[in-house]
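Structure file data_27.tsv with TSV, C-alpha atoms:
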chain	number	residue	atom	x	y	z
A	494	MET	CA	0.00	0.00	0.00
A	495	ARG	CA	1.62	3.24	-1.12
A	496	ASN	CA	-1.18	5.80	-0.71
A	497	PHE	CA	-3.26	5.95	2.45
A	498	ALA	CA	-3.98	7.91	5.62
A	499	ALA	CA	-3.22	6.27	8.96
A	500	ILE	CA	-5.64	7.47	11.63
A	501	ASP	CA	-6.01	7.12	15.38
A	502	PHE	CA	-8.61	8.42	17.82
A	503	GLU	CA	-8.57	8.72	21.58
A	504	THR	CA	-11.89	8.89	23.45
A	505	ALA	CA	-12.93	10.73	26.60
A	506	ASN	CA	-15.09	7.92	27.92
A	507	ARG	CA	-16.66	4.59	26.93
A	508	ASN	CA	-18.90	6.23	24.34
A	509	SER	CA	-17.41	5.81	20.86
A	510	CYS	CA	-18.53	9.30	19.82
A	511	SER	CA	-16.53	10.94	22.64
A	512	VAL	CA	-13.43	11.49	20.51
A	513	CYS	CA	-11.05	13.85	22.28
A	514	SER	CA	-8.08	13.70	19.92
A	515	VAL	CA	-7.19	12.59	16.42
A	516	GLY	CA	-3.90	11.86	14.73
A	517	VAL	CA	-3.53	11.46	10.97
A	518	VAL	CA	-0.47	10.54	8.93
A	519	VAL	CA	-0.80	10.85	5.16
A	520	VAL	CA	1.34	8.59	2.98
A	521	ARG	CA	1.67	9.21	-0.77
A	522	ASP	CA	3.87	7.10	-3.01
A	523	GLY	CA	5.24	5.36	0.07
A	524	VAL	CA	6.42	8.59	1.73
A	525	ILE	CA	4.88	10.45	4.68
A	526	THR	CA	3.70	13.76	3.24
A	527	ASP	CA	1.59	15.17	6.06
A	528	ARG	CA	0.92	14.85	9.77
A	529	TYR	CA	-2.06	16.22	11.65
A	530	TYR	CA	-2.89	16.23	15.36
A	531	LYS	CA	-5.74	17.96	17.11
A	532	LEU	CA	-7.42	17.86	20.48
A	533	ILE	CA	-11.22	17.72	20.17
A	534	HIS	CA	-13.86	19.03	22.56
A	535	PRO	CA	-16.17	16.05	23.15
A	536	VAL	CA	-19.85	16.82	23.69
A	537	PRO	CA	-20.43	16.60	26.58
A	538	ASN	CA	-16.91	17.28	27.84
A	539	TYR	CA	-17.05	14.29	30.23
A	540	TYR	CA	-14.00	12.09	30.85
A	541	SER	CA	-13.87	8.76	32.64
A	542	ASP	CA	-10.92	8.17	34.95
A	543	SER	CA	-9.96	4.99	33.09
A	544	ASN	CA	-9.67	6.82	29.76
A	545	VAL	CA	-7.64	9.64	31.32
A	546	ALA	CA	-5.33	7.01	32.82
A	547	VAL	CA	-4.69	5.65	29.32
A	548	HIS	CA	-4.04	8.83	27.34
A	549	GLY	CA	-3.66	11.61	29.91
A	550	ILE	CA	-6.11	14.01	28.23
A	551	ARG	CA	-8.39	15.83	30.70
A	552	PRO	CA	-11.53	18.01	30.34
A	553	GLU	CA	-9.50	21.18	30.86
A	554	ASP	CA	-7.26	20.20	27.93
A	555	THR	CA	-10.18	20.18	25.50
A	556	GLU	CA	-12.44	22.84	27.02
A	557	GLY	CA	-11.57	25.52	24.43
A	558	GLU	CA	-11.00	23.17	21.49
A	559	ASP	CA	-13.18	22.72	18.40
A	560	THR	CA	-15.81	19.99	18.35
A	561	PHE	CA	-15.70	17.06	15.97
A	562	PRO	CA	-17.42	18.69	12.96
A	563	GLU	CA	-14.91	21.56	12.84
A	564	VAL	CA	-11.93	19.25	13.24
A	565	TRP	CA	-13.25	16.73	10.74
A	566	ALA	CA	-13.67	19.49	8.13
A	567	GLU	CA	-9.88	19.94	8.32
A	568	VAL	CA	-9.12	16.22	8.28
A	569	VAL	CA	-11.33	15.60	5.23
A	570	GLN	CA	-9.10	17.88	3.17
A	571	LEU	CA	-6.02	15.79	4.08
A	572	ILE	CA	-7.52	12.35	3.49
A	573	GLU	CA	-9.60	13.01	0.40
A	574	GLY	CA	-9.55	10.02	-1.93
A	575	LEU	CA	-7.34	7.91	0.36
A	576	PRO	CA	-8.15	4.65	2.12
A	577	LEU	CA	-7.83	4.82	5.90
A	578	VAL	CA	-5.57	2.54	7.92
A	579	ALA	CA	-5.80	1.96	11.66
A	580	HIS	CA	-4.48	-0.55	14.16
A	581	PHE	CA	-7.56	-2.45	15.35
A	582	SER	CA	-9.58	-0.47	12.82
A	583	ARG	CA	-12.89	-1.62	14.28
A	584	PHE	CA	-12.34	0.83	17.16
A	585	ASP	CA	-11.32	3.82	15.03
A	586	GLU	CA	-13.95	3.21	12.36
A	587	GLY	CA	-16.53	2.84	15.13
A	588	CYS	CA	-15.46	6.19	16.62
A	589	LEU	CA	-15.67	7.87	13.24
A	590	LYS	CA	-19.14	6.50	12.51
A	591	ALA	CA	-20.39	7.31	16.03
A	592	ALA	CA	-19.08	10.89	15.87
A	593	HIS	CA	-20.72	11.39	12.49
A	594	ARG	CA	-24.03	10.10	13.94
A	595	ARG	CA	-23.68	12.20	17.11
A	596	PHE	CA	-23.39	15.39	15.10
A	597	GLY	CA	-25.91	14.49	12.39
A	598	MET	CA	-23.24	14.26	9.71
A	599	THR	CA	-23.50	11.94	6.72
A	600	TYR	CA	-20.93	9.16	6.94
A	601	PRO	CA	-19.35	8.72	3.50
A	602	GLY	CA	-18.34	5.06	3.93
A	603	TYR	CA	-14.57	5.35	4.22
A	604	GLU	CA	-12.51	2.35	3.12
A	605	PHE	CA	-10.65	1.00	6.18
A	606	HIS	CA	-7.72	-1.40	6.44
A	607	CYS	CA	-6.54	-2.92	9.71
A	608	THR	CA	-2.85	-3.31	10.57
A	609	CYS	CA	-3.74	-5.54	13.54
A	610	LEU	CA	-5.47	-8.07	11.27
A	611	ALA	CA	-2.62	-7.76	8.77
A	612	SER	CA	-0.13	-8.43	11.56
A	613	ARG	CA	-1.98	-11.59	12.55
A	614	ARG	CA	-1.81	-12.79	8.91
A	615	VAL	CA	1.83	-11.82	8.34
A	616	PHE	CA	3.45	-12.56	11.71
A	617	GLY	CA	1.05	-15.11	13.17
A	618	LYS	CA	2.35	-16.70	16.35
A	619	THR	CA	5.88	-15.35	15.92
A	620	LEU	CA	4.81	-12.34	18.02
A	621	PRO	CA	3.71	-12.60	21.67
A	622	ASN	CA	0.73	-10.35	20.85
A	623	HIS	CA	-0.44	-8.04	18.09
A	624	ARG	CA	-0.74	-4.84	20.12
A	625	LEU	CA	0.43	-1.66	18.42
A	626	PRO	CA	3.77	-1.30	20.29
A	627	THR	CA	4.68	-4.94	19.65
A	628	VAL	CA	3.89	-4.85	15.94
A	629	ALA	CA	5.52	-1.43	15.52
A	630	ALA	CA	8.72	-2.73	17.11
A	631	ARG	CA	8.68	-5.78	14.83
A	632	CYS	CA	8.40	-3.39	11.86
A	633	GLY	CA	11.34	-1.30	13.10
A	634	TYR	CA	9.37	1.60	14.55
A	635	ASP	CA	10.05	2.75	18.13
A	636	LEU	CA	6.68	3.87	19.54
A	637	LYS	CA	7.58	6.16	22.43
A	638	LYS	CA	4.20	7.79	23.23
A	639	HIS	CA	1.62	5.02	22.97
A	640	HIS	CA	-1.95	6.38	23.23
A	641	HIS	CA	-0.99	9.77	21.83
A	642	ALA	CA	-3.11	9.86	18.67
A	643	LEU	CA	-0.38	11.19	16.38
A	644	ALA	CA	2.30	8.81	17.71
A	645	ASP	CA	-0.09	5.89	17.26
A	646	ALA	CA	-0.99	7.02	13.72
A	647	GLU	CA	2.72	7.29	12.87
A	648	ALA	CA	3.33	3.76	14.20
A	649	CYS	CA	0.36	2.50	12.22
A	650	ALA	CA	1.70	4.16	9.06
A	651	ALA	CA	5.10	2.54	9.60
A	652	ILE	CA	3.45	-0.87	10.01
A	653	ALA	CA	1.24	-0.36	6.95
A	654	MET	CA	4.22	0.59	4.78
A	655	LYS	CA	5.94	-2.66	5.82
A	656	ILE	CA	3.11	-5.23	5.69
A	657	LEU	CA	0.14	-3.90	3.70
Render the structure in this file as structure tokens.
Amino acid sequence: MRNFAAIDFETANRNSCSVCSVGVVVVRDGVITDRYYKLIHPVPNYYSDSNVAVHGIRPEDTEGEDTFPEVWAEVVQLIEGLPLVAHFSRFDEGCLKAAHRRFGMTYPGYEFHCTCLASRRVFGKTLPNHRLPTVAARCGYDLKKHHHALADAEACAAIAMKIL
């Protein structure tokens, strides 16, 4: 795969539409051409302790930020015409669909590819697990800030360039 956008969302709570950050890495002709990171004001701006423990984003971090529709208007310009890639894409695609529903936006049916499923096919039982840091390391990428949306999108892009 030489042209795609790797994407990662973090959520404020258990609700899939509670996206509080997004990271996007655009790859064209096998080269990273763009990176995008943005905090998002979830509506309501409610965070569960367990989610904060994972990614460290708090309500005060997103209080003055744009909501999903404003942020997505920027992302759409970057990803136009590209398939989307995510590690455990079911989560990220679910977030994207839920946020579109939450804000009454039409979901355009993005094409998603999953680096977790690809890792299971390519590496099988040679890896102890198929979590993002493990697969990234196997593909030669040192993921230093796991659960930061841009860092995770960069790791996903590195994996996709190696095995998709």
Report task. Measuring atom to atom with only C-alpha atoms, identify which of A:Ala629, A:Ala546, A:Met654, A:Ile500 is nearest to Val569 of chain A. Result ->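 Of the candidates, the smallest distance to Val569 of chain A is held by A:Ile500.
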Report task. Provide the atom CA of Asn508 of chain A to atom CA of Pro626 of chain A distance in Å, to one decimal place. Result -> 24.2 Å
Requested in this report: Identify, on the basis of all atoms listed in the file, every residue whose closest approach to Ala646 of chain A does not exceed 7 Å; exclude the query and any residue fewer than 6 positions from it along the same chain; express the result as a list in words.
Outcome: Ala499, Ile500, Asp501, Gly516, Val517 and Val518 of chain A
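One finds atom CA of Cys649 of chain A at 20.6 Å from atom CA of Gly602 of chain A.
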Selection: 8 Å around Val515 of chain A, all atoms listed in the file, excl. self and same-chain fewer than 2 positions, as a PDB file with C-alpha atoms, in the coordinates of the input:
ATOM      1  CA  ILE A 500      -5.640   7.470  11.630  1.00  0.00           C
ATOM      2  CA  ASP A 501      -6.010   7.120  15.380  1.00  0.00           C
ATOM      3  CA  PHE A 502      -8.610   8.420  17.820  1.00  0.00           C
ATOM      4  CA  GLU A 503      -8.570   8.720  21.580  1.00  0.00           C
ATOM      5  CA  VAL A 512     -13.430  11.490  20.510  1.00  0.00           C
ATOM      6  CA  CYS A 513     -11.050  13.850  22.280  1.00  0.00           C
ATOM      7  CA  VAL A 517      -3.530  11.460  10.970  1.00  0.00           C
ATOM      8  CA  TYR A 529      -2.060  16.220  11.650  1.00  0.00           C
ATOM      9  CA  TYR A 530      -2.890  16.230  15.360  1.00  0.00           C
ATOM     10  CA  LYS A 531      -5.740  17.960  17.110  1.00  0.00           C
ATOM     11  CA  LEU A 532      -7.420  17.860  20.480  1.00  0.00           C
ATOM     12  CA  ILE A 533     -11.220  17.720  20.170  1.00  0.00           C
ATOM     13  CA  ALA A 642      -3.110   9.860  18.670  1.00  0.00           C
ATOM     14  CA  LEU A 643      -0.380  11.190  16.380  1.00  0.00           C
TER      15      LEU A 643
END
Report summary line: Of A:Pro537, A:Gly549, A:Gly587, A:Gly557, the one sitting nearest Lys638 of chain A when using only C-alpha atoms is A:Gly549
Query raised in the report: Closest to Gly633 of chain A among A:Arg551, A:Arg595, A:Lys590, A:Lys655, using only C-alpha atoms?
Result: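 Using only C-alpha atoms, the shortest distance to Gly633 of chain A belongs to A:Lys655.
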Query raised in the report: Need the neighbours of (-14.3, 10.4, 33.3): which residues are at most 9 Å away, counting all atoms listed in the file, as a PyMOL selection string?
Result: chain A and resi 505-507+539-545+551-552
Put a box with edges along x, y and z around all the listed atoms of segment 516-521 of chain A, pad it by 3 Å on each side, then give me its centre and sizes in Å, one decimal, as lines of an AutoDock Vina configuration file.
center_x = -1.1
center_y = 10.2
center_z = 7.0
size_x = 11.6
size_y = 9.3
size_z = 21.5
Query raised in the report: In terms of the shortest atom-to-atom distance over all atoms listed in the file, which of A:His580, A:His534, A:His640, A:His593 is closest to Leu610 of chain A?
Result: A:His580
Report task. Would you mind listing what lies within 7 Å of Ala611 of chain A as a list in words, with all atoms listed in the file counted and same-chain residues fewer than 4 positions away left out? Result ->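 Listing them by chain and then by number gives Cys607, Val615, Ile656 and Leu657 of chain A.
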Have segment 619-645 of chain A completed to N, CA, C and O atoms, please, and pass it along as a PDB file, in the coordinates of the input.
ATOM      1  N   THR A 619       4.482 -15.720  15.669  1.00  0.00           N
ATOM      2  CA  THR A 619       5.880 -15.350  15.920  1.00  0.00           C
ATOM      3  C   THR A 619       5.972 -14.147  16.858  1.00  0.00           C
ATOM      4  O   THR A 619       7.057 -13.855  17.362  1.00  0.00           O
ATOM      5  N   LEU A 620       4.856 -13.455  17.077  1.00  0.00           N
ATOM      6  CA  LEU A 620       4.810 -12.340  18.020  1.00  0.00           C
ATOM      7  C   LEU A 620       4.056 -12.766  19.277  1.00  0.00           C
ATOM      8  O   LEU A 620       3.101 -13.540  19.184  1.00  0.00           O
ATOM      9  N   PRO A 621       4.423 -12.239  20.448  1.00  0.00           N
ATOM     10  CA  PRO A 621       3.710 -12.600  21.670  1.00  0.00           C
ATOM     11  C   PRO A 621       2.281 -12.052  21.702  1.00  0.00           C
ATOM     12  O   PRO A 621       1.412 -12.589  22.369  1.00  0.00           O
ATOM     13  N   ASN A 622       2.060 -10.952  20.984  1.00  0.00           N
ATOM     14  CA  ASN A 622       0.730 -10.350  20.850  1.00  0.00           C
ATOM     15  C   ASN A 622       0.764  -9.453  19.618  1.00  0.00           C
ATOM     16  O   ASN A 622       1.814  -9.282  18.995  1.00  0.00           O
ATOM     17  N   HIS A 623      -0.361  -8.894  19.278  1.00  0.00           N
ATOM     18  CA  HIS A 623      -0.440  -8.040  18.090  1.00  0.00           C
ATOM     19  C   HIS A 623      -0.863  -6.620  18.464  1.00  0.00           C
ATOM     20  O   HIS A 623      -1.470  -5.914  17.668  1.00  0.00           O
ATOM     21  N   ARG A 624      -0.487  -6.206  19.677  1.00  0.00           N
ATOM     22  CA  ARG A 624      -0.740  -4.840  20.120  1.00  0.00           C
ATOM     23  C   ARG A 624       0.148  -3.886  19.315  1.00  0.00           C
ATOM     24  O   ARG A 624       1.202  -4.276  18.805  1.00  0.00           O
ATOM     25  N   LEU A 625      -0.270  -2.653  19.226  1.00  0.00           N
ATOM     26  CA  LEU A 625       0.430  -1.660  18.420  1.00  0.00           C
ATOM     27  C   LEU A 625       1.921  -1.549  18.754  1.00  0.00           C
ATOM     28  O   LEU A 625       2.753  -1.595  17.842  1.00  0.00           O
ATOM     29  N   PRO A 626       2.328  -1.418  20.016  1.00  0.00           N
ATOM     30  CA  PRO A 626       3.770  -1.300  20.290  1.00  0.00           C
ATOM     31  C   PRO A 626       4.570  -2.526  19.855  1.00  0.00           C
ATOM     32  O   PRO A 626       5.691  -2.396  19.363  1.00  0.00           O
ATOM     33  N   THR A 627       3.991  -3.701  20.025  1.00  0.00           N
ATOM     34  CA  THR A 627       4.680  -4.940  19.650  1.00  0.00           C
ATOM     35  C   THR A 627       4.883  -5.027  18.151  1.00  0.00           C
ATOM     36  O   THR A 627       5.986  -5.319  17.669  1.00  0.00           O
ATOM     37  N   VAL A 628       3.812  -4.758  17.398  1.00  0.00           N
ATOM     38  CA  VAL A 628       3.890  -4.850  15.940  1.00  0.00           C
ATOM     39  C   VAL A 628       4.779  -3.732  15.385  1.00  0.00           C
ATOM     40  O   VAL A 628       5.584  -3.960  14.478  1.00  0.00           O
ATOM     41  N   ALA A 629       4.668  -2.545  15.959  1.00  0.00           N
ATOM     42  CA  ALA A 629       5.520  -1.430  15.520  1.00  0.00           C
ATOM     43  C   ALA A 629       6.993  -1.792  15.702  1.00  0.00           C
ATOM     44  O   ALA A 629       7.810  -1.579  14.796  1.00  0.00           O
ATOM     45  N   ALA A 630       7.339  -2.338  16.856  1.00  0.00           N
ATOM     46  CA  ALA A 630       8.720  -2.730  17.110  1.00  0.00           C
ATOM     47  C   ALA A 630       9.185  -3.775  16.101  1.00  0.00           C
ATOM     48  O   ALA A 630      10.300  -3.694  15.568  1.00  0.00           O
ATOM     49  N   ARG A 631       8.328  -4.735  15.804  1.00  0.00           N
ATOM     50  CA  ARG A 631       8.680  -5.780  14.830  1.00  0.00           C
ATOM     51  C   ARG A 631       8.926  -5.188  13.440  1.00  0.00           C
ATOM     52  O   ARG A 631       9.730  -5.683  12.671  1.00  0.00           O
ATOM     53  N   CYS A 632       8.242  -4.067  13.157  1.00  0.00           N
ATOM     54  CA  CYS A 632       8.400  -3.390  11.860  1.00  0.00           C
ATOM     55  C   CYS A 632       9.482  -2.322  11.887  1.00  0.00           C
ATOM     56  O   CYS A 632       9.645  -1.555  10.944  1.00  0.00           O
ATOM     57  N   GLY A 633      10.220  -2.238  13.007  1.00  0.00           N
ATOM     58  CA  GLY A 633      11.340  -1.300  13.100  1.00  0.00           C
ATOM     59  C   GLY A 633      10.984   0.097  13.538  1.00  0.00           C
ATOM     60  O   GLY A 633      11.787   1.012  13.404  1.00  0.00           O
ATOM     61  N   TYR A 634       9.785   0.278  14.102  1.00  0.00           N
ATOM     62  CA  TYR A 634       9.370   1.600  14.550  1.00  0.00           C
ATOM     63  C   TYR A 634       9.351   1.626  16.080  1.00  0.00           C
ATOM     64  O   TYR A 634       8.736   0.766  16.709  1.00  0.00           O
ATOM     65  N   ASP A 635       9.993   2.615  16.681  1.00  0.00           N
ATOM     66  CA  ASP A 635      10.050   2.750  18.130  1.00  0.00           C
ATOM     67  C   ASP A 635       8.930   3.677  18.598  1.00  0.00           C
ATOM     68  O   ASP A 635       9.046   4.902  18.517  1.00  0.00           O
ATOM     69  N   LEU A 636       7.843   3.101  19.068  1.00  0.00           N
ATOM     70  CA  LEU A 636       6.680   3.870  19.540  1.00  0.00           C
ATOM     71  C   LEU A 636       6.943   4.333  20.964  1.00  0.00           C
ATOM     72  O   LEU A 636       6.912   3.543  21.898  1.00  0.00           O
ATOM     73  N   LYS A 637       7.218   5.621  21.115  1.00  0.00           N
ATOM     74  CA  LYS A 637       7.580   6.160  22.430  1.00  0.00           C
ATOM     75  C   LYS A 637       6.377   6.694  23.209  1.00  0.00           C
ATOM     76  O   LYS A 637       6.406   6.722  24.426  1.00  0.00           O
ATOM     77  N   LYS A 638       5.334   7.163  22.542  1.00  0.00           N
ATOM     78  CA  LYS A 638       4.200   7.790  23.230  1.00  0.00           C
ATOM     79  C   LYS A 638       2.903   7.069  22.899  1.00  0.00           C
ATOM     80  O   LYS A 638       1.989   7.660  22.332  1.00  0.00           O
ATOM     81  N   HIS A 639       2.835   5.791  23.250  1.00  0.00           N
ATOM     82  CA  HIS A 639       1.620   5.020  22.970  1.00  0.00           C
ATOM     83  C   HIS A 639       0.410   5.695  23.600  1.00  0.00           C
ATOM     84  O   HIS A 639       0.470   6.195  24.707  1.00  0.00           O
ATOM     85  N   HIS A 640      -0.674   5.751  22.872  1.00  0.00           N
ATOM     86  CA  HIS A 640      -1.950   6.380  23.230  1.00  0.00           C
ATOM     87  C   HIS A 640      -1.921   7.897  23.055  1.00  0.00           C
ATOM     88  O   HIS A 640      -2.821   8.588  23.531  1.00  0.00           O
ATOM     89  N   HIS A 641      -0.916   8.411  22.367  1.00  0.00           N
ATOM     90  CA  HIS A 641      -0.990   9.770  21.830  1.00  0.00           C
ATOM     91  C   HIS A 641      -1.414   9.563  20.387  1.00  0.00           C
ATOM     92  O   HIS A 641      -0.769   8.808  19.651  1.00  0.00           O
ATOM     93  N   ALA A 642      -2.507  10.185  19.969  1.00  0.00           N
ATOM     94  CA  ALA A 642      -3.110   9.860  18.670  1.00  0.00           C
ATOM     95  C   ALA A 642      -2.142  10.008  17.496  1.00  0.00           C
ATOM     96  O   ALA A 642      -2.138   9.178  16.588  1.00  0.00           O
ATOM     97  N   LEU A 643      -1.305  11.031  17.499  1.00  0.00           N
ATOM     98  CA  LEU A 643      -0.380  11.190  16.380  1.00  0.00           C
ATOM     99  C   LEU A 643       0.724  10.131  16.422  1.00  0.00           C
ATOM    100  O   LEU A 643       1.075   9.547  15.397  1.00  0.00           O
ATOM    101  N   ALA A 644       1.259   9.850  17.595  1.00  0.00           N
ATOM    102  CA  ALA A 644       2.300   8.810  17.710  1.00  0.00           C
ATOM    103  C   ALA A 644       1.750   7.462  17.269  1.00  0.00           C
ATOM    104  O   ALA A 644       2.422   6.708  16.553  1.00  0.00           O
ATOM    105  N   ASP A 645       0.519   7.158  17.660  1.00  0.00           N
ATOM    106  CA  ASP A 645      -0.090   5.890  17.260  1.00  0.00           C
ATOM    107  C   ASP A 645      -0.349   5.853  15.755  1.00  0.00           C
ATOM    108  O   ASP A 645      -0.150   4.819  15.110  1.00  0.00           O
TER     109      ASP A 645
END
